[in-house]
$ cat target_11.pdb   # PDB, C-alpha atoms
ATOM      1  CA  MET A   1       2.066  23.354   4.658
ATOM      2  CA  SER A   2       1.408  27.051   5.122
ATOM      3  CA  PRO A   3      -0.130  28.972   2.192
ATOM      4  CA  PHE A   4       1.763  32.134   3.142
ATOM      5  CA  THR A   5       4.657  33.175   0.902
ATOM      6  CA  GLY A   6       7.634  35.483   1.185
ATOM      7  CA  SER A   7       9.451  37.428  -1.500
ATOM      8  CA  ALA A   8      10.422  34.500  -3.721
ATOM      9  CA  ALA A   9       8.610  34.416  -7.052
ATOM     10  CA  ARG A  10       6.745  31.373  -8.326
ATOM     11  CA  THR A  11       8.958  29.085 -10.387
ATOM     12  CA  SER A  12       8.122  29.589 -14.065
ATOM     13  CA  GLY A  13       9.733  26.392 -15.350
ATOM     14  CA  TRP A  14      11.121  23.136 -14.006
ATOM     15  CA  GLU A  15      14.333  21.892 -15.588
ATOM     16  CA  HIS A  16      14.204  18.325 -14.328
ATOM     17  CA  LEU A  17      10.470  17.576 -14.495
ATOM     18  CA  ARG A  18       7.584  18.023 -16.912
ATOM     19  CA  VAL A  19       4.722  19.711 -15.094
ATOM     20  CA  GLU A  20       1.218  20.116 -16.531
ATOM     21  CA  THR A  21      -1.890  21.371 -14.768
ATOM     22  CA  ASP A  22      -5.487  21.029 -15.879
ATOM     23  CA  ASP A  23      -8.446  22.214 -13.808
ATOM     24  CA  GLY A  24      -7.050  21.253 -10.418
ATOM     25  CA  VAL A  25      -5.045  18.198 -11.509
ATOM     26  CA  ALA A  26      -1.257  18.435 -11.747
ATOM     27  CA  THR A  27       0.620  15.799 -13.736
ATOM     28  CA  VAL A  28       4.325  15.596 -12.884
ATOM     29  CA  THR A  29       6.336  13.423 -15.231
ATOM     30  CA  LEU A  30       9.847  12.129 -14.706
ATOM     31  CA  ALA A  31      11.137  12.677 -18.235
ATOM     32  CA  ARG A  32      14.507  10.969 -18.757
ATOM     33  CA  PRO A  33      13.241   7.941 -20.693
ATOM     34  CA  GLU A  34      16.679   7.161 -22.103
ATOM     35  CA  LYS A  35      17.842   6.609 -18.486
ATOM     36  CA  LEU A  36      14.636   4.919 -17.298
ATOM     37  CA  ASN A  37      13.894   8.225 -15.542
ATOM     38  CA  ALA A  38      16.835   7.844 -13.168
ATOM     39  CA  LEU A  39      16.866  10.607 -10.573
ATOM     40  CA  THR A  40      19.542  13.289 -10.345
ATOM     41  CA  PHE A  41      20.319  15.804  -7.613
ATOM     42  CA  GLY A  42      18.322  18.351  -9.608
ATOM     43  CA  ALA A  43      15.305  16.059  -9.972
ATOM     44  CA  TYR A  44      15.128  15.491  -6.223
ATOM     45  CA  ALA A  45      15.416  19.222  -5.541
ATOM     46  CA  ASP A  46      12.789  20.085  -8.148
ATOM     47  CA  LEU A  47      10.333  17.567  -6.673
ATOM     48  CA  ARG A  48      10.910  18.970  -3.183
ATOM     49  CA  ASP A  49      10.438  22.568  -4.305
ATOM     50  CA  LEU A  50       7.521  21.879  -6.665
ATOM     51  CA  LEU A  51       5.499  20.122  -3.973
ATOM     52  CA  ALA A  52       6.139  23.003  -1.589
ATOM     53  CA  GLU A  53       4.990  25.568  -4.163
ATOM     54  CA  LEU A  54       1.853  23.636  -5.098
ATOM     55  CA  SER A  55       1.024  23.179  -1.427
ATOM     56  CA  ARG A  56       1.226  26.926  -0.807
ATOM     57  CA  GLU A  57      -0.786  27.868  -3.894
ATOM     58  CA  ARG A  58      -3.724  25.586  -3.017
ATOM     59  CA  SER A  59      -4.761  25.503  -6.691
ATOM     60  CA  VAL A  60      -4.051  21.790  -7.132
ATOM     61  CA  ARG A  61      -6.540  19.261  -5.772
ATOM     62  CA  ALA A  62      -4.806  16.074  -6.954
ATOM     63  CA  LEU A  63      -1.394  15.212  -8.386
ATOM     64  CA  VAL A  64      -0.343  12.354 -10.668
ATOM     65  CA  LEU A  65       3.325  11.326 -10.575
ATOM     66  CA  ALA A  66       4.292   9.405 -13.702
ATOM     67  CA  GLY A  67       7.312   8.255 -15.672
ATOM     68  CA  GLU A  68       7.909   8.644 -19.390
ATOM     69  CA  GLY A  69       8.932   5.737 -21.610
ATOM     70  CA  ARG A  70       9.481   2.109 -20.583
ATOM     71  CA  GLY A  71       9.197   2.511 -16.817
ATOM     72  CA  PHE A  72       8.337   4.701 -13.868
ATOM     73  CA  CYS A  73      11.764   5.307 -12.305
ATOM     74  CA  SER A  74      14.914   3.198 -12.014
ATOM     75  CA  GLY A  75      16.125   5.024  -8.882
ATOM     76  CA  GLY A  76      19.148   7.235  -8.408
ATOM     77  CA  ASP A  77      21.376   7.717 -11.437
ATOM     78  CA  VAL A  78      24.419   5.442 -10.981
ATOM     79  CA  ASP A  79      26.889   7.902 -12.460
ATOM     80  CA  GLU A  80      25.378  11.241 -11.474
ATOM     81  CA  ILE A  81      24.487  10.285  -7.891
ATOM     82  CA  ILE A  82      26.247   7.100  -6.758
ATOM     83  CA  GLY A  83      29.474   8.040  -8.508
ATOM     84  CA  ALA A  84      29.305  11.610  -7.251
ATOM     85  CA  THR A  85      28.593  10.678  -3.637
ATOM     86  CA  LEU A  86      31.822   8.658  -3.450
ATOM     87  CA  GLY A  87      33.705  11.949  -3.470
ATOM     88  CA  MET A  88      31.568  13.758  -0.875
ATOM     89  CA  ASP A  89      32.426  14.338   2.776
ATOM     90  CA  THR A  90      30.055  13.367   5.575
ATOM     91  CA  ALA A  91      28.393  16.779   5.838
ATOM     92  CA  ARG A  92      27.629  16.854   2.116
ATOM     93  CA  LEU A  93      26.328  13.268   2.188
ATOM     94  CA  LEU A  94      24.030  14.144   5.069
ATOM     95  CA  ASP A  95      22.687  17.124   3.127
ATOM     96  CA  PHE A  96      21.923  14.872   0.154
ATOM     97  CA  ASN A  97      20.236  12.145   2.175
ATOM     98  CA  ARG A  98      18.171  14.688   4.073
ATOM     99  CA  MET A  99      17.029  16.161   0.755
ATOM    100  CA  THR A 100      15.774  12.790  -0.499
ATOM    101  CA  GLY A 101      13.835  12.380   2.742
ATOM    102  CA  GLN A 102      12.394  15.863   2.323
ATOM    103  CA  VAL A 103      10.876  14.737  -0.988
ATOM    104  CA  VAL A 104       9.122  11.834   0.722
ATOM    105  CA  ARG A 105       7.895  14.110   3.517
ATOM    106  CA  ALA A 106       6.611  16.576   0.926
ATOM    107  CA  ILE A 107       4.605  13.822  -0.782
ATOM    108  CA  ARG A 108       3.143  12.684   2.531
ATOM    109  CA  GLU A 109       2.476  16.188   3.897
ATOM    110  CA  CYS A 110       1.159  18.051   0.847
ATOM    111  CA  PRO A 111      -2.561  18.887   1.250
ATOM    112  CA  PHE A 112      -3.736  16.985  -1.837
ATOM    113  CA  PRO A 113      -3.773  13.306  -2.822
ATOM    114  CA  VAL A 114      -0.789  12.028  -4.803
ATOM    115  CA  ILE A 115      -1.306   9.172  -7.266
ATOM    116  CA  ALA A 116       1.667   7.228  -8.630
ATOM    117  CA  SER A 117       0.984   5.947 -12.150
ATOM    118  CA  LEU A 118       3.176   2.873 -12.555
ATOM    119  CA  HIS A 119       4.359   0.758 -15.439
ATOM    120  CA  GLY A 120       7.649  -1.039 -15.867
ATOM    121  CA  VAL A 121      10.296  -0.638 -13.198
ATOM    122  CA  ALA A 122       9.974   1.296  -9.939
ATOM    123  CA  ALA A 123      13.320   0.613  -8.322
ATOM    124  CA  GLY A 124      15.328   2.033  -5.442
ATOM    125  CA  ALA A 125      14.323   5.632  -4.853
ATOM    126  CA  GLY A 126      11.651   5.224  -7.542
ATOM    127  CA  ALA A 127      10.017   2.491  -5.467
ATOM    128  CA  VAL A 128      10.036   4.759  -2.394
ATOM    129  CA  LEU A 129       8.490   7.670  -4.319
ATOM    130  CA  ALA A 130       5.676   5.328  -5.354
ATOM    131  CA  LEU A 131       5.398   4.008  -1.793
ATOM    132  CA  ALA A 132       5.022   7.548  -0.435
ATOM    133  CA  ALA A 133       2.074   8.290  -2.736
ATOM    134  CA  ASP A 134      -1.482   7.991  -1.438
ATOM    135  CA  PHE A 135      -2.504   5.724  -4.322
ATOM    136  CA  ARG A 136      -0.466   3.421  -6.567
ATOM    137  CA  VAL A 137      -2.187   2.654  -9.863
ATOM    138  CA  ALA A 138      -0.225   0.084 -11.854
ATOM    139  CA  ASP A 139      -0.477  -2.027 -14.959
ATOM    140  CA  PRO A 140       0.721  -5.679 -15.136
ATOM    141  CA  THR A 141       4.214  -4.687 -16.327
ATOM    142  CA  ALA A 142       4.930  -2.823 -13.081
ATOM    143  CA  ARG A 143       7.550  -4.206 -10.731
ATOM    144  CA  PHE A 144       8.984  -2.849  -7.511
ATOM    145  CA  ALA A 145      12.516  -3.378  -6.252
ATOM    146  CA  PHE A 146      13.913  -1.811  -3.085
ATOM    147  CA  LEU A 147      17.543  -2.173  -4.123
ATOM    148  CA  PHE A 148      19.401  -0.301  -1.382
ATOM    149  CA  THR A 149      21.101  -3.340   0.176
ATOM    150  CA  ARG A 150      22.186  -4.425  -3.312
ATOM    151  CA  VAL A 151      24.480  -1.368  -3.429
ATOM    152  CA  GLY A 152      25.733  -1.866   0.136
ATOM    153  CA  LEU A 153      23.380   0.550   1.888
ATOM    154  CA  SER A 154      20.596   0.155   4.439
ATOM    155  CA  GLY A 155      17.221  -0.873   3.098
ATOM    156  CA  GLY A 156      15.718   1.826   5.308
ATOM    157  CA  ASP A 157      16.326   4.675   2.864
ATOM    158  CA  MET A 158      14.118   7.763   2.411
ATOM    159  CA  GLY A 159      11.658   6.549   5.041
ATOM    160  CA  ALA A 160      11.136   3.122   3.462
ATOM    161  CA  ALA A 161      11.555   1.301   6.789
ATOM    162  CA  TYR A 162       8.833   3.524   8.243
ATOM    163  CA  LEU A 163       6.351   3.453   5.371
ATOM    164  CA  LEU A 164       6.624  -0.053   3.907
ATOM    165  CA  PRO A 165       5.710  -2.048   7.066
ATOM    166  CA  ARG A 166       2.658   0.165   7.449
ATOM    167  CA  VAL A 167       1.547  -0.637   3.897
ATOM    168  CA  VAL A 168       2.384  -4.356   3.552
ATOM    169  CA  GLY A 169       3.212  -5.490   7.117
ATOM    170  CA  LEU A 170       6.531  -6.138   8.824
ATOM    171  CA  GLY A 171       7.095  -9.593   7.348
ATOM    172  CA  HIS A 172       6.781  -8.538   3.715
ATOM    173  CA  ALA A 173       8.648  -5.292   4.383
ATOM    174  CA  THR A 174      11.588  -7.181   5.927
ATOM    175  CA  ARG A 175      11.835  -9.439   2.894
ATOM    176  CA  LEU A 176      11.570  -6.620   0.367
ATOM    177  CA  LEU A 177      13.989  -4.226   2.092
ATOM    178  CA  MET A 178      16.524  -6.862   3.176
ATOM    179  CA  LEU A 179      16.775  -8.911  -0.007
ATOM    180  CA  GLY A 180      15.918  -6.329  -2.645
ATOM    181  CA  ASP A 181      14.148  -8.920  -4.804
ATOM    182  CA  PRO A 182      11.732  -7.601  -7.445
ATOM    183  CA  VAL A 183       8.011  -7.736  -6.737
ATOM    184  CA  ARG A 184       5.846  -7.972  -9.828
ATOM    185  CA  ALA A 185       2.421  -6.450 -10.161
ATOM    186  CA  LEU A 186       0.294  -9.469  -9.213
ATOM    187  CA  GLU A 187       2.213 -10.090  -5.987
ATOM    188  CA  ALA A 188       2.324  -6.349  -5.257
ATOM    189  CA  GLU A 189      -1.463  -6.241  -5.492
ATOM    190  CA  ARG A 190      -1.785  -9.325  -3.277
ATOM    191  CA  ILE A 191       0.291  -7.829  -0.458
ATOM    192  CA  GLY A 192      -1.358  -4.404  -0.699
ATOM    193  CA  LEU A 193       1.459  -2.485  -2.367
ATOM    194  CA  ILE A 194      -0.772  -1.605  -5.343
ATOM    195  CA  SER A 195      -4.040   0.279  -4.894
ATOM    196  CA  GLU A 196      -5.439  -0.526  -8.344
ATOM    197  CA  LEU A 197      -4.231  -2.969 -11.017
ATOM    198  CA  THR A 198      -5.233  -2.002 -14.551
ATOM    199  CA  GLU A 199      -4.950  -3.609 -17.941
ATOM    200  CA  GLU A 200      -1.575  -3.251 -19.647
ATOM    201  CA  GLY A 201      -0.968   0.277 -20.864
ATOM    202  CA  ALA A 202      -3.951   1.672 -18.957
ATOM    203  CA  SER A 203      -2.336   2.924 -15.741
ATOM    204  CA  ASP A 204      -1.957   6.533 -16.916
ATOM    205  CA  LYS A 205      -5.607   6.758 -17.944
ATOM    206  CA  ALA A 206      -6.794   5.171 -14.702
ATOM    207  CA  ALA A 207      -4.569   7.467 -12.641
ATOM    208  CA  GLN A 208      -5.966  10.516 -14.432
ATOM    209  CA  GLN A 209      -9.529   9.310 -13.873
ATOM    210  CA  LEU A 210      -8.854   8.864 -10.174
ATOM    211  CA  ALA A 211      -7.187  12.283  -9.995
ATOM    212  CA  ARG A 212     -10.189  13.882 -11.681
ATOM    213  CA  ARG A 213     -12.569  12.168  -9.246
ATOM    214  CA  LEU A 214     -10.512  13.445  -6.307
ATOM    215  CA  ALA A 215     -10.180  16.943  -7.785
ATOM    216  CA  GLU A 216     -13.957  17.207  -8.128
ATOM    217  CA  GLY A 217     -14.585  16.056  -4.548
ATOM    218  CA  PRO A 218     -14.434  17.758  -1.141
ATOM    219  CA  ALA A 219     -10.784  18.847  -1.193
ATOM    220  CA  LEU A 220     -10.600  19.988   2.431
ATOM    221  CA  ALA A 221     -12.047  16.706   3.663
ATOM    222  CA  TYR A 222      -9.503  14.796   1.586
ATOM    223  CA  ALA A 223      -6.651  16.986   2.845
ATOM    224  CA  GLN A 224      -7.593  16.414   6.466
ATOM    225  CA  THR A 225      -8.056  12.678   5.922
ATOM    226  CA  LYS A 226      -4.554  12.483   4.466
ATOM    227  CA  ALA A 227      -3.144  14.536   7.336
ATOM    228  CA  LEU A 228      -4.787  12.276   9.932
ATOM    229  CA  LEU A 229      -3.599   9.084   8.224
ATOM    230  CA  THR A 230      -0.035  10.339   8.454
ATOM    231  CA  ALA A 231      -0.227  11.900  11.913
ATOM    232  CA  GLU A 232      -1.981   8.983  13.599
ATOM    233  CA  LEU A 233       0.439   6.270  12.469
ATOM    234  CA  ASP A 234       2.338   6.636  15.742
ATOM    235  CA  MET A 235      -0.388   7.940  18.063
ATOM    236  CA  PRO A 236      -2.095   6.044  20.859
ATOM    237  CA  LEU A 237      -5.828   5.534  20.428
ATOM    238  CA  ALA A 238      -6.798   8.221  22.935
ATOM    239  CA  ALA A 239      -4.769  10.880  21.132
ATOM    240  CA  SER A 240      -6.096   9.724  17.750
ATOM    241  CA  VAL A 241      -9.769   9.927  18.666
ATOM    242  CA  GLU A 242      -9.223  13.347  20.243
ATOM    243  CA  LEU A 243      -7.509  14.585  17.057
ATOM    244  CA  ASP A 244     -10.364  13.107  15.008
ATOM    245  CA  ALA A 245     -12.906  14.917  17.179
ATOM    246  CA  SER A 246     -11.130  18.268  16.832
ATOM    247  CA  THR A 247     -10.808  17.841  13.073
ATOM    248  CA  GLN A 248     -14.466  16.941  12.608
ATOM    249  CA  ALA A 249     -15.580  19.885  14.729
ATOM    250  CA  LEU A 250     -13.596  22.238  12.509
ATOM    251  CA  LEU A 251     -14.873  20.668   9.279
ATOM    252  CA  MET A 252     -18.445  20.929  10.544
ATOM    253  CA  THR A 253     -18.063  24.719  10.388
ATOM    254  CA  GLY A 254     -17.014  24.529   6.722
ATOM    255  CA  GLU A 255     -18.940  25.364   3.577
ATOM    256  CA  ASP A 256     -18.733  21.821   2.181
ATOM    257  CA  TYR A 257     -20.499  20.325   5.203
ATOM    258  CA  ALA A 258     -23.370  22.795   4.844
ATOM    259  CA  GLU A 259     -23.389  22.252   1.078
ATOM    260  CA  PHE A 260     -23.883  18.514   1.518
ATOM    261  CA  HIS A 261     -26.975  19.107   3.648
ATOM    262  CA  ALA A 262     -28.366  21.610   1.163
ATOM    263  CA  ALA A 263     -27.719  19.274  -1.768
ATOM    264  CA  PHE A 264     -29.277  16.328   0.072
ATOM    265  CA  THR A 265     -32.354  18.381   0.913
ATOM    266  CA  GLU A 266     -32.683  19.667  -2.647
ATOM    267  CA  LYS A 267     -31.989  16.212  -4.146
ATOM    268  CA  ARG A 268     -29.005  17.331  -6.238
ATOM    269  CA  PRO A 269     -25.262  16.543  -6.333
ATOM    270  CA  PRO A 270     -23.121  18.638  -3.963
ATOM    271  CA  LYS A 271     -21.060  21.486  -5.403
ATOM    272  CA  TRP A 272     -17.858  21.155  -3.432
ATOM    273  CA  SER A 273     -15.823  24.301  -2.850
ATOM    274  CA  GLY A 274     -13.005  22.810  -0.783
ATOM    275  CA  ARG A 275     -13.808  25.189   2.080
TER
END
$ encode --input "target_11.pdb" --output "structure tokens"
Amino acid sequence: MSPFTGSAARTSGWEHLRVETDDGVATVTLARPEKLNALTFGAYADLRDLLAELSRERSVRALVLAGEGRGFCSGGDVDEIIGATLGMDTARLLDFNRMTGQVVRAIRECPFPVIASLHGVAAGAGAVLALAADFRVADPTARFAFLFTRVGLSGGDMGAAYLLPRVVGLGHATRLLMLGDPVRALEAERIGLISELTEEGASDKAAQQLARRLAEGPALAYAQTKALLTAELDMPLAASVELDASTQALLMTGEDYAEFHAAFTEKRPPKWSGR
């Protein structure tokens, strides 16, 4: 995402999210615990716009996406979204569904790692938000459920049919998206849906520790690694190795590459600048 901005001012407050930043780490919390952090139209739009702003500012080096209360996110609010969409025409429905996909694209395309901190339920759209993250850190209470067919819709919502087979394989993805059965933490770890399984109640701490490690590392190298992982999913090998070569050549002109050599020579830890 381009760092260049127009006339619009930076958003001073987010109505549908709690956003905290600390020395390069942003923590974005879905904060409707009484509704198991069910998503509203406003929450989707805020996530889309927040990720775009943080991507332009380049001040954030890692982001933790978390949920307040008993779970991560129960998906779209039944009354405020499902009920409301029943009265929308096709054009309005397309606008809404495109917006939800824009959130997933923003998570995948932002130039910093995104870590989903998971406990309790991650269902429907909540499961896809977690799926879109670069890392999923979960405690044993976490459970995923891709519930779209349970409400009469396609399981391929918000890019789930693209992302999930690439994470867990086509066989597991077919089962999860077609049947909508819950997947608890131990099975999720076994099939590769969880990056790190913590002790109960420890996912937030572990996610913050990972975010801090990433924030203190070579940010530009991480950004380009993330970009290549996304871009090369559908590339032939020849195009992928050429893109890798071009990327490495550019990074070899950067300050961090020279800093590693200096630090190695001087027998000290590198001081990464992200440039």
$ closest_residue --input "target_11.pdb" --among "A:Ala238, A:Ala145, A:Cys110, A:Leu153" --to "Ala122 in chain A" --atoms "all atoms listed in the file"
A:Ala145
$ resolve_selection --input "target_11.pdb" --expression "the PyMOL selection byres ((chain A and resi 167) around 10)" --output "count of residues only"
16
$ closest_residue --input "target_11.pdb" --among "A:Asp23, A:Glu68, A:Asp234, A:Glu216" --to "Lys271 in chain A" --atoms "only C-alpha atoms"
A:Glu216
$ resolve_selection --input "target_11.pdb" --expression "the PyMOL selection byres ((chain A and resi 201-213) around 10)" --output "ChimeraX atom specification"
/A:22-27,61-67,113-119,135-142,196-200,214-217
$ write_last_selection --input "target_11.pdb" --atoms "C-alpha atoms" --output "mmCIF file, in the frame of the given file"
data_model
loop_
_atom_site.group_PDB
_atom_site.id
_atom_site.type_symbol
_atom_site.label_atom_id
_atom_site.label_comp_id
_atom_site.auth_asym_id
_atom_site.auth_seq_id
_atom_site.Cartn_x
_atom_site.Cartn_y
_atom_site.Cartn_z
ATOM 1 C CA ASP A 22 -5.487 21.029 -15.879
ATOM 2 C CA ASP A 23 -8.446 22.214 -13.808
ATOM 3 C CA GLY A 24 -7.050 21.253 -10.418
ATOM 4 C CA VAL A 25 -5.045 18.198 -11.509
ATOM 5 C CA ALA A 26 -1.257 18.435 -11.747
ATOM 6 C CA THR A 27 0.620 15.799 -13.736
ATOM 7 C CA ARG A 61 -6.540 19.261 -5.772
ATOM 8 C CA ALA A 62 -4.806 16.074 -6.954
ATOM 9 C CA LEU A 63 -1.394 15.212 -8.386
ATOM 10 C CA VAL A 64 -0.343 12.354 -10.668
ATOM 11 C CA LEU A 65 3.325 11.326 -10.575
ATOM 12 C CA ALA A 66 4.292 9.405 -13.702
ATOM 13 C CA GLY A 67 7.312 8.255 -15.672
ATOM 14 C CA PRO A 113 -3.773 13.306 -2.822
ATOM 15 C CA VAL A 114 -0.789 12.028 -4.803
ATOM 16 C CA ILE A 115 -1.306 9.172 -7.266
ATOM 17 C CA ALA A 116 1.667 7.228 -8.630
ATOM 18 C CA SER A 117 0.984 5.947 -12.150
ATOM 19 C CA LEU A 118 3.176 2.873 -12.555
ATOM 20 C CA HIS A 119 4.359 0.758 -15.439
ATOM 21 C CA PHE A 135 -2.504 5.724 -4.322
ATOM 22 C CA ARG A 136 -0.466 3.421 -6.567
ATOM 23 C CA VAL A 137 -2.187 2.654 -9.863
ATOM 24 C CA ALA A 138 -0.225 0.084 -11.854
ATOM 25 C CA ASP A 139 -0.477 -2.027 -14.959
ATOM 26 C CA PRO A 140 0.721 -5.679 -15.136
ATOM 27 C CA THR A 141 4.214 -4.687 -16.327
ATOM 28 C CA ALA A 142 4.930 -2.823 -13.081
ATOM 29 C CA GLU A 196 -5.439 -0.526 -8.344
ATOM 30 C CA LEU A 197 -4.231 -2.969 -11.017
ATOM 31 C CA THR A 198 -5.233 -2.002 -14.551
ATOM 32 C CA GLU A 199 -4.950 -3.609 -17.941
ATOM 33 C CA GLU A 200 -1.575 -3.251 -19.647
ATOM 34 C CA LEU A 214 -10.512 13.445 -6.307
ATOM 35 C CA ALA A 215 -10.180 16.943 -7.785
ATOM 36 C CA GLU A 216 -13.957 17.207 -8.128
ATOM 37 C CA GLY A 217 -14.585 16.056 -4.548
#
$ residues_near_point --input "target_11.pdb" --point "(0.8, 25.6, 3.5)" --cutoff "12 Å" --atoms "all atoms listed in the file" --output "MDAnalysis selection string"
chainID A and resid 1:5 51:59 106 109:112 223
$ resolve_selection --input "target_11.pdb" --expression "the PyMOL selection byres ((chain A and resi 69) around 8)" --output "list of chain:residue names"
A:Pro33, A:Glu34, A:Leu36, A:Gly67, A:Glu68, A:Arg70, A:Gly71, A:Phe72
$ closest_residue --input "target_11.pdb" --among "A:Val183, A:Leu50, A:Ile82, A:Leu228" --to "Gly152 in chain A" --atoms "all atoms listed in the file"
A:Ile82
$ atom_distance --input "target_11.pdb" --atom1 "CA of Asp244 in chain A" --atom2 "CA of Thr230 in chain A"
12.5 Å
$ atom_distance --input "target_11.pdb" --atom1 "CA of Ala127 in chain A" --atom2 "CA of Arg18 in chain A"
19.4 Å
